[in-house]
$ cat entry24.tsv   # TSV, N, CA and C atoms
chain	number	residue	atom	x	y	z
A	14	MET	N	21.73	142.28	96.50
A	14	MET	CA	22.50	142.71	95.36
A	14	MET	C	21.97	144.06	94.88
A	15	GLU	N	22.87	144.98	94.61
A	15	GLU	CA	22.50	146.31	94.14
A	15	GLU	C	22.48	146.35	92.62
A	16	ALA	N	21.41	146.89	92.05
A	16	ALA	CA	21.30	147.00	90.60
A	16	ALA	C	22.14	148.18	90.11
A	17	THR	N	22.74	148.01	88.96
A	17	THR	CA	23.50	149.11	88.36
A	17	THR	C	22.79	149.58	87.11
A	18	LEU	N	22.97	150.84	86.83
A	18	LEU	CA	22.32	151.45	85.68
A	18	LEU	C	23.39	151.87	84.68
A	19	ASP	N	23.17	151.54	83.44
A	19	ASP	CA	24.09	151.90	82.36
A	19	ASP	C	24.24	153.43	82.33
A	20	PRO	N	25.47	153.95	82.38
A	20	PRO	CA	25.69	155.40	82.38
A	20	PRO	C	25.11	156.09	81.16
A	21	THR	N	24.99	155.40	80.03
A	21	THR	CA	24.42	156.05	78.84
A	21	THR	C	22.93	156.34	79.03
A	22	ILE	N	22.25	155.51	79.82
A	22	ILE	CA	20.84	155.77	80.11
A	22	ILE	C	20.72	157.03	80.95
A	23	ILE	N	21.58	157.16	81.94
A	23	ILE	CA	21.56	158.36	82.78
A	23	ILE	C	21.83	159.60	81.94
A	24	GLN	N	22.78	159.53	81.03
A	24	GLN	CA	23.10	160.66	80.16
A	24	GLN	C	21.91	161.01	79.26
A	25	SER	N	21.23	160.00	78.73
A	25	SER	CA	20.07	160.25	77.87
A	25	SER	C	18.96	160.94	78.63
A	26	VAL	N	18.69	160.46	79.83
A	26	VAL	CA	17.64	161.07	80.65
A	26	VAL	C	18.02	162.50	81.00
A	27	THR	N	19.26	162.72	81.36
A	27	THR	CA	19.73	164.06	81.72
A	27	THR	C	19.59	165.02	80.54
A	28	ARG	N	19.93	164.58	79.34
A	28	ARG	CA	19.79	165.44	78.15
A	28	ARG	C	18.33	165.75	77.84
A	29	ALA	N	17.42	164.84	78.22
A	29	ALA	CA	16.00	165.03	77.92
A	29	ALA	C	15.30	165.97	78.91
A	30	ILE	N	15.91	166.24	80.06
A	30	ILE	CA	15.24	167.03	81.09
A	30	ILE	C	14.73	168.38	80.58
A	31	PRO	N	15.54	169.19	79.90
A	31	PRO	CA	15.01	170.48	79.43
A	31	PRO	C	13.77	170.34	78.53
A	32	LEU	N	13.74	169.31	77.71
A	32	LEU	CA	12.59	169.09	76.84
A	32	LEU	C	11.37	168.62	77.65
A	33	LEU	N	11.59	167.74	78.59
A	33	LEU	CA	10.49	167.23	79.40
A	33	LEU	C	9.83	168.35	80.22
A	34	LEU	N	10.62	169.31	80.65
A	34	LEU	CA	10.08	170.40	81.45
A	34	LEU	C	9.20	171.35	80.64
A	35	THR	N	9.27	171.27	79.31
A	35	THR	CA	8.44	172.13	78.46
A	35	THR	C	7.12	171.47	78.07
A	36	PHE	N	6.89	170.23	78.50
A	36	PHE	CA	5.64	169.54	78.16
A	36	PHE	C	4.46	170.33	78.70
A	37	PRO	N	3.30	170.20	78.04
A	37	PRO	CA	2.13	170.98	78.44
A	37	PRO	C	1.41	170.44	79.68
A	38	ALA	N	2.01	169.51	80.39
A	38	ALA	CA	1.40	168.95	81.60
A	38	ALA	C	2.49	168.58	82.59
A	39	GLN	N	2.18	168.67	83.87
A	39	GLN	CA	3.15	168.29	84.89
A	39	GLN	C	3.29	166.78	84.99
A	40	HIS	N	2.22	166.06	84.70
A	40	HIS	CA	2.23	164.60	84.76
A	40	HIS	C	1.98	164.06	83.36
A	41	PHE	N	2.77	163.05	82.97
A	41	PHE	CA	2.57	162.43	81.67
A	41	PHE	C	3.09	161.01	81.72
A	42	TRP	N	2.61	160.20	80.78
A	42	TRP	CA	2.98	158.81	80.69
A	42	TRP	C	3.55	158.57	79.31
A	43	VAL	N	4.59	157.75	79.24
A	43	VAL	CA	5.23	157.45	77.96
A	43	VAL	C	5.23	155.93	77.77
A	44	ASP	N	4.75	155.49	76.62
A	44	ASP	CA	4.74	154.07	76.27
A	44	ASP	C	5.33	153.93	74.88
A	45	TYR	N	6.09	152.85	74.67
A	45	TYR	CA	6.66	152.58	73.35
A	45	TYR	C	6.23	151.20	72.90
A	46	ASP	N	5.68	151.11	71.70
A	46	ASP	CA	5.28	149.85	71.09
A	46	ASP	C	6.34	149.48	70.05
A	47	VAL	N	7.15	148.47	70.36
A	47	VAL	CA	8.25	148.07	69.48
A	47	VAL	C	7.71	147.61	68.12
A	48	ASP	N	6.67	146.80	68.14
A	48	ASP	CA	6.13	146.25	66.88
A	48	ASP	C	5.60	147.35	65.97
A	49	ALA	N	4.94	148.34	66.53
A	49	ALA	CA	4.39	149.44	65.74
A	49	ALA	C	5.41	150.56	65.54
A	50	ASP	N	6.51	150.51	66.29
A	50	ASP	CA	7.52	151.57	66.31
A	50	ASP	C	6.85	152.93	66.55
A	51	ALA	N	6.00	152.94	67.57
A	51	ALA	CA	5.25	154.15	67.91
A	51	ALA	C	5.49	154.50	69.37
A	52	LEU	N	5.73	155.77	69.62
A	52	LEU	CA	5.90	156.30	70.97
A	52	LEU	C	4.64	157.07	71.33
A	53	TYR	N	4.04	156.71	72.44
A	53	TYR	CA	2.80	157.33	72.89
A	53	TYR	C	3.08	158.16	74.13
A	54	ILE	N	2.72	159.42	74.09
A	54	ILE	CA	2.86	160.31	75.24
A	54	ILE	C	1.45	160.75	75.62
A	55	SER	N	1.05	160.44	76.84
A	55	SER	CA	-0.29	160.79	77.31
A	55	SER	C	-0.18	161.84	78.41
A	56	PHE	N	-0.99	162.88	78.31
A	56	PHE	CA	-1.04	163.91	79.33
A	56	PHE	C	-2.19	163.69	80.29
A	57	GLN	N	-3.07	162.75	79.94
A	57	GLN	CA	-4.17	162.36	80.81
A	57	GLN	C	-4.40	160.88	80.62
A	58	ARG	N	-4.79	160.21	81.68
A	58	ARG	CA	-5.15	158.80	81.60
A	58	ARG	C	-6.54	158.63	82.14
A	59	PRO	N	-7.45	158.05	81.42
A	59	PRO	CA	-7.33	157.69	80.00
A	59	PRO	C	-7.41	158.94	79.12
A	60	GLN	N	-6.83	158.84	77.95
A	60	GLN	CA	-6.82	160.00	77.03
A	60	GLN	C	-8.22	160.38	76.59
A	61	GLN	N	-8.98	159.40	76.15
A	61	GLN	CA	-10.32	159.62	75.61
A	61	GLN	C	-10.33	160.75	74.58
A	62	ALA	N	-9.38	160.69	73.65
A	62	ALA	CA	-9.28	161.71	72.59
A	62	ALA	C	-10.49	161.62	71.67
A	63	THR	N	-10.93	162.78	71.22
A	63	THR	CA	-12.06	162.83	70.30
A	63	THR	C	-11.65	163.32	68.91
A	64	GLU	N	-10.46	163.91	68.82
A	64	GLU	CA	-9.96	164.45	67.54
A	64	GLU	C	-8.47	164.11	67.42
A	65	THR	N	-8.01	163.94	66.19
A	65	THR	CA	-6.60	163.70	65.92
A	65	THR	C	-6.16	164.60	64.77
A	66	GLU	N	-5.06	165.30	64.98
A	66	GLU	CA	-4.46	166.12	63.93
A	66	GLU	C	-3.12	165.48	63.57
A	67	THR	N	-2.87	165.28	62.29
A	67	THR	CA	-1.62	164.68	61.84
A	67	THR	C	-0.72	165.76	61.27
A	68	THR	N	0.52	165.80	61.75
A	68	THR	CA	1.48	166.78	61.23
A	68	THR	C	2.19	166.20	60.01
A	69	ASP	N	2.89	167.05	59.29
A	69	ASP	CA	3.66	166.61	58.12
A	69	ASP	C	4.79	165.67	58.51
A	70	GLU	N	5.21	165.72	59.78
A	70	GLU	CA	6.32	164.89	60.26
A	70	GLU	C	5.85	163.51	60.74
A	71	GLY	N	4.57	163.20	60.61
A	71	GLY	CA	4.07	161.90	61.06
A	71	GLY	C	3.82	161.84	62.55
A	72	ILE	N	3.48	162.96	63.13
A	72	ILE	CA	3.16	163.03	64.55
A	72	ILE	C	1.67	163.27	64.67
A	73	LEU	N	1.04	162.48	65.53
A	73	LEU	CA	-0.40	162.61	65.74
A	73	LEU	C	-0.65	163.37	67.03
A	74	LEU	N	-1.36	164.48	66.93
A	74	LEU	CA	-1.73	165.27	68.09
A	74	LEU	C	-3.13	164.87	68.47
A	75	ARG	N	-3.32	164.39	69.69
A	75	ARG	CA	-4.60	163.84	70.13
A	75	ARG	C	-5.28	164.83	71.06
A	76	TYR	N	-6.49	165.21	70.71
A	76	TYR	CA	-7.25	166.22	71.45
A	76	TYR	C	-8.55	165.65	72.00
A	77	ARG	N	-8.98	166.18	73.12
A	77	ARG	CA	-10.34	166.02	73.62
A	77	ARG	C	-10.89	167.43	73.67
A	78	GLY	N	-11.77	167.72	72.72
A	78	GLY	CA	-12.20	169.10	72.55
A	78	GLY	C	-11.01	169.92	72.08
A	79	LYS	N	-10.69	171.00	72.79
A	79	LYS	CA	-9.54	171.83	72.44
A	79	LYS	C	-8.30	171.49	73.27
A	80	GLU	N	-8.42	170.53	74.17
A	80	GLU	CA	-7.32	170.19	75.08
A	80	GLU	C	-6.44	169.09	74.49
A	81	LEU	N	-5.13	169.33	74.42
A	81	LEU	CA	-4.18	168.31	73.97
A	81	LEU	C	-4.04	167.27	75.08
A	82	VAL	N	-4.41	166.02	74.76
A	82	VAL	CA	-4.35	164.96	75.77
A	82	VAL	C	-3.29	163.91	75.46
A	83	GLY	N	-2.68	163.98	74.27
A	83	GLY	CA	-1.65	163.01	73.94
A	83	GLY	C	-0.99	163.30	72.61
A	84	ILE	N	0.16	162.66	72.45
A	84	ILE	CA	0.94	162.77	71.20
A	84	ILE	C	1.39	161.36	70.84
A	85	THR	N	1.24	161.00	69.58
A	85	THR	CA	1.75	159.72	69.08
A	85	THR	C	2.81	160.03	68.04
A	86	ILE	N	3.98	159.43	68.21
A	86	ILE	CA	5.09	159.65	67.28
A	86	ILE	C	5.31	158.35	66.51
A	87	LEU	N	5.01	158.39	65.22
A	87	LEU	CA	5.19	157.23	64.36
A	87	LEU	C	6.64	157.11	63.94
A	88	ASP	N	7.08	155.89	63.64
A	88	ASP	CA	8.48	155.64	63.25
A	88	ASP	C	9.44	156.23	64.27
A	89	ALA	N	9.13	156.04	65.53
A	89	ALA	CA	9.88	156.68	66.62
A	89	ALA	C	11.37	156.34	66.62
A	90	SER	N	11.72	155.11	66.28
A	90	SER	CA	13.13	154.71	66.37
A	90	SER	C	14.00	155.38	65.32
A	91	THR	N	13.40	156.01	64.30
A	91	THR	CA	14.19	156.65	63.25
A	91	THR	C	14.41	158.13	63.52
A	92	ARG	N	13.88	158.63	64.61
A	92	ARG	CA	13.98	160.07	64.90
A	92	ARG	C	15.15	160.35	65.85
A	93	HIS	N	15.82	161.45	65.61
A	93	HIS	CA	16.96	161.82	66.46
A	93	HIS	C	16.84	163.25	66.88

$ encode --input "entry24.tsv" --output "structure tokens"
Amino acid sequence: MEATLDPTIIQSVTRAIPLLLTFPAQHFWVDYDVDADALYISFQRPQQATETETTDEGILLRYRGKELVGITILDASTRH
């Protein structure tokens, strides 16, 4: 049996391509925690962040030294 993919998912991924290509790393991992409503983007695994900067928009920038190793987006489901 062949699996089918919802066309809206394909459209969403296609719209995201220009943004994904601007990320500060060629490889990245994305995880979403439904209970916390937090989206985690890691540019290195493991992140091993040593510093966190919080933006006014509720986004956490995770650094190891001066290198950005991840981004956490709080209240992710409410962002458009």

$ atom_distance --input "entry24.tsv" --atom1 "atom C of Val82 in chain A" --atom2 "atom N of Glu64 in chain A"
9.8 Å

$ atom_distance --input "entry24.tsv" --atom1 "atom C of Ile30 in chain A" --atom2 "atom N of Ile72 in chain A"
21.5 Å

$ residues_around --input "entry24.tsv" --residues "Gln61 in chain A" --least-positions-apart "4" --cutoff "7 Å" --atoms "all atoms listed in the file" --output "MDAnalysis selection string"
chainID A and resid 57 76:77

$ select_by_dssp --input "entry24.tsv" --residues "chain A" --states "alpha helix (DSSP H)" --output "JSON, numbers by chain"
{"A": [20, 21, 22, 23, 24, 25, 26, 27, 28, 29, 30, 31, 32, 33]}

$ write_last_selection --input "entry24.tsv" --atoms "N, CA and C atoms" --output "PDB file, keeping the file's coordinate frame"
ATOM      1  N   PRO A  20      25.470 153.950  82.380  1.00  0.00           N
ATOM      2  CA  PRO A  20      25.690 155.400  82.380  1.00  0.00           C
ATOM      3  C   PRO A  20      25.110 156.090  81.160  1.00  0.00           C
ATOM      4  N   THR A  21      24.990 155.400  80.030  1.00  0.00           N
ATOM      5  CA  THR A  21      24.420 156.050  78.840  1.00  0.00           C
ATOM      6  C   THR A  21      22.930 156.340  79.030  1.00  0.00           C
ATOM      7  N   ILE A  22      22.250 155.510  79.820  1.00  0.00           N
ATOM      8  CA  ILE A  22      20.840 155.770  80.110  1.00  0.00           C
ATOM      9  C   ILE A  22      20.720 157.030  80.950  1.00  0.00           C
ATOM     10  N   ILE A  23      21.580 157.160  81.940  1.00  0.00           N
ATOM     11  CA  ILE A  23      21.560 158.360  82.780  1.00  0.00           C
ATOM     12  C   ILE A  23      21.830 159.600  81.940  1.00  0.00           C
ATOM     13  N   GLN A  24      22.780 159.530  81.030  1.00  0.00           N
ATOM     14  CA  GLN A  24      23.100 160.660  80.160  1.00  0.00           C
ATOM     15  C   GLN A  24      21.910 161.010  79.260  1.00  0.00           C
ATOM     16  N   SER A  25      21.230 160.000  78.730  1.00  0.00           N
ATOM     17  CA  SER A  25      20.070 160.250  77.870  1.00  0.00           C
ATOM     18  C   SER A  25      18.960 160.940  78.630  1.00  0.00           C
ATOM     19  N   VAL A  26      18.690 160.460  79.830  1.00  0.00           N
ATOM     20  CA  VAL A  26      17.640 161.070  80.650  1.00  0.00           C
ATOM     21  C   VAL A  26      18.020 162.500  81.000  1.00  0.00           C
ATOM     22  N   THR A  27      19.260 162.720  81.360  1.00  0.00           N
ATOM     23  CA  THR A  27      19.730 164.060  81.720  1.00  0.00           C
ATOM     24  C   THR A  27      19.590 165.020  80.540  1.00  0.00           C
ATOM     25  N   ARG A  28      19.930 164.580  79.340  1.00  0.00           N
ATOM     26  CA  ARG A  28      19.790 165.440  78.150  1.00  0.00           C
ATOM     27  C   ARG A  28      18.330 165.750  77.840  1.00  0.00           C
ATOM     28  N   ALA A  29      17.420 164.840  78.220  1.00  0.00           N
ATOM     29  CA  ALA A  29      16.000 165.030  77.920  1.00  0.00           C
ATOM     30  C   ALA A  29      15.300 165.970  78.910  1.00  0.00           C
ATOM     31  N   ILE A  30      15.910 166.240  80.060  1.00  0.00           N
ATOM     32  CA  ILE A  30      15.240 167.030  81.090  1.00  0.00           C
ATOM     33  C   ILE A  30      14.730 168.380  80.580  1.00  0.00           C
ATOM     34  N   PRO A  31      15.540 169.190  79.900  1.00  0.00           N
ATOM     35  CA  PRO A  31      15.010 170.480  79.430  1.00  0.00           C
ATOM     36  C   PRO A  31      13.770 170.340  78.530  1.00  0.00           C
ATOM     37  N   LEU A  32      13.740 169.310  77.710  1.00  0.00           N
ATOM     38  CA  LEU A  32      12.590 169.090  76.840  1.00  0.00           C
ATOM     39  C   LEU A  32      11.370 168.620  77.650  1.00  0.00           C
ATOM     40  N   LEU A  33      11.590 167.740  78.590  1.00  0.00           N
ATOM     41  CA  LEU A  33      10.490 167.230  79.400  1.00  0.00           C
ATOM     42  C   LEU A  33       9.830 168.350  80.220  1.00  0.00           C
TER      43      LEU A  33
END

$ closest_residue --input "entry24.tsv" --among "A:Gly83, A:Thr21, A:Asp44, A:Leu73" --to "Gln60 in chain A" --atoms "only C-alpha atoms"
A:Gly83

$ closest_residue --input "entry24.tsv" --among "A:Thr65, A:Thr17, A:Thr85, A:Thr27" --to "Ala51 in chain A" --atoms "all atoms listed in the file"
A:Thr85
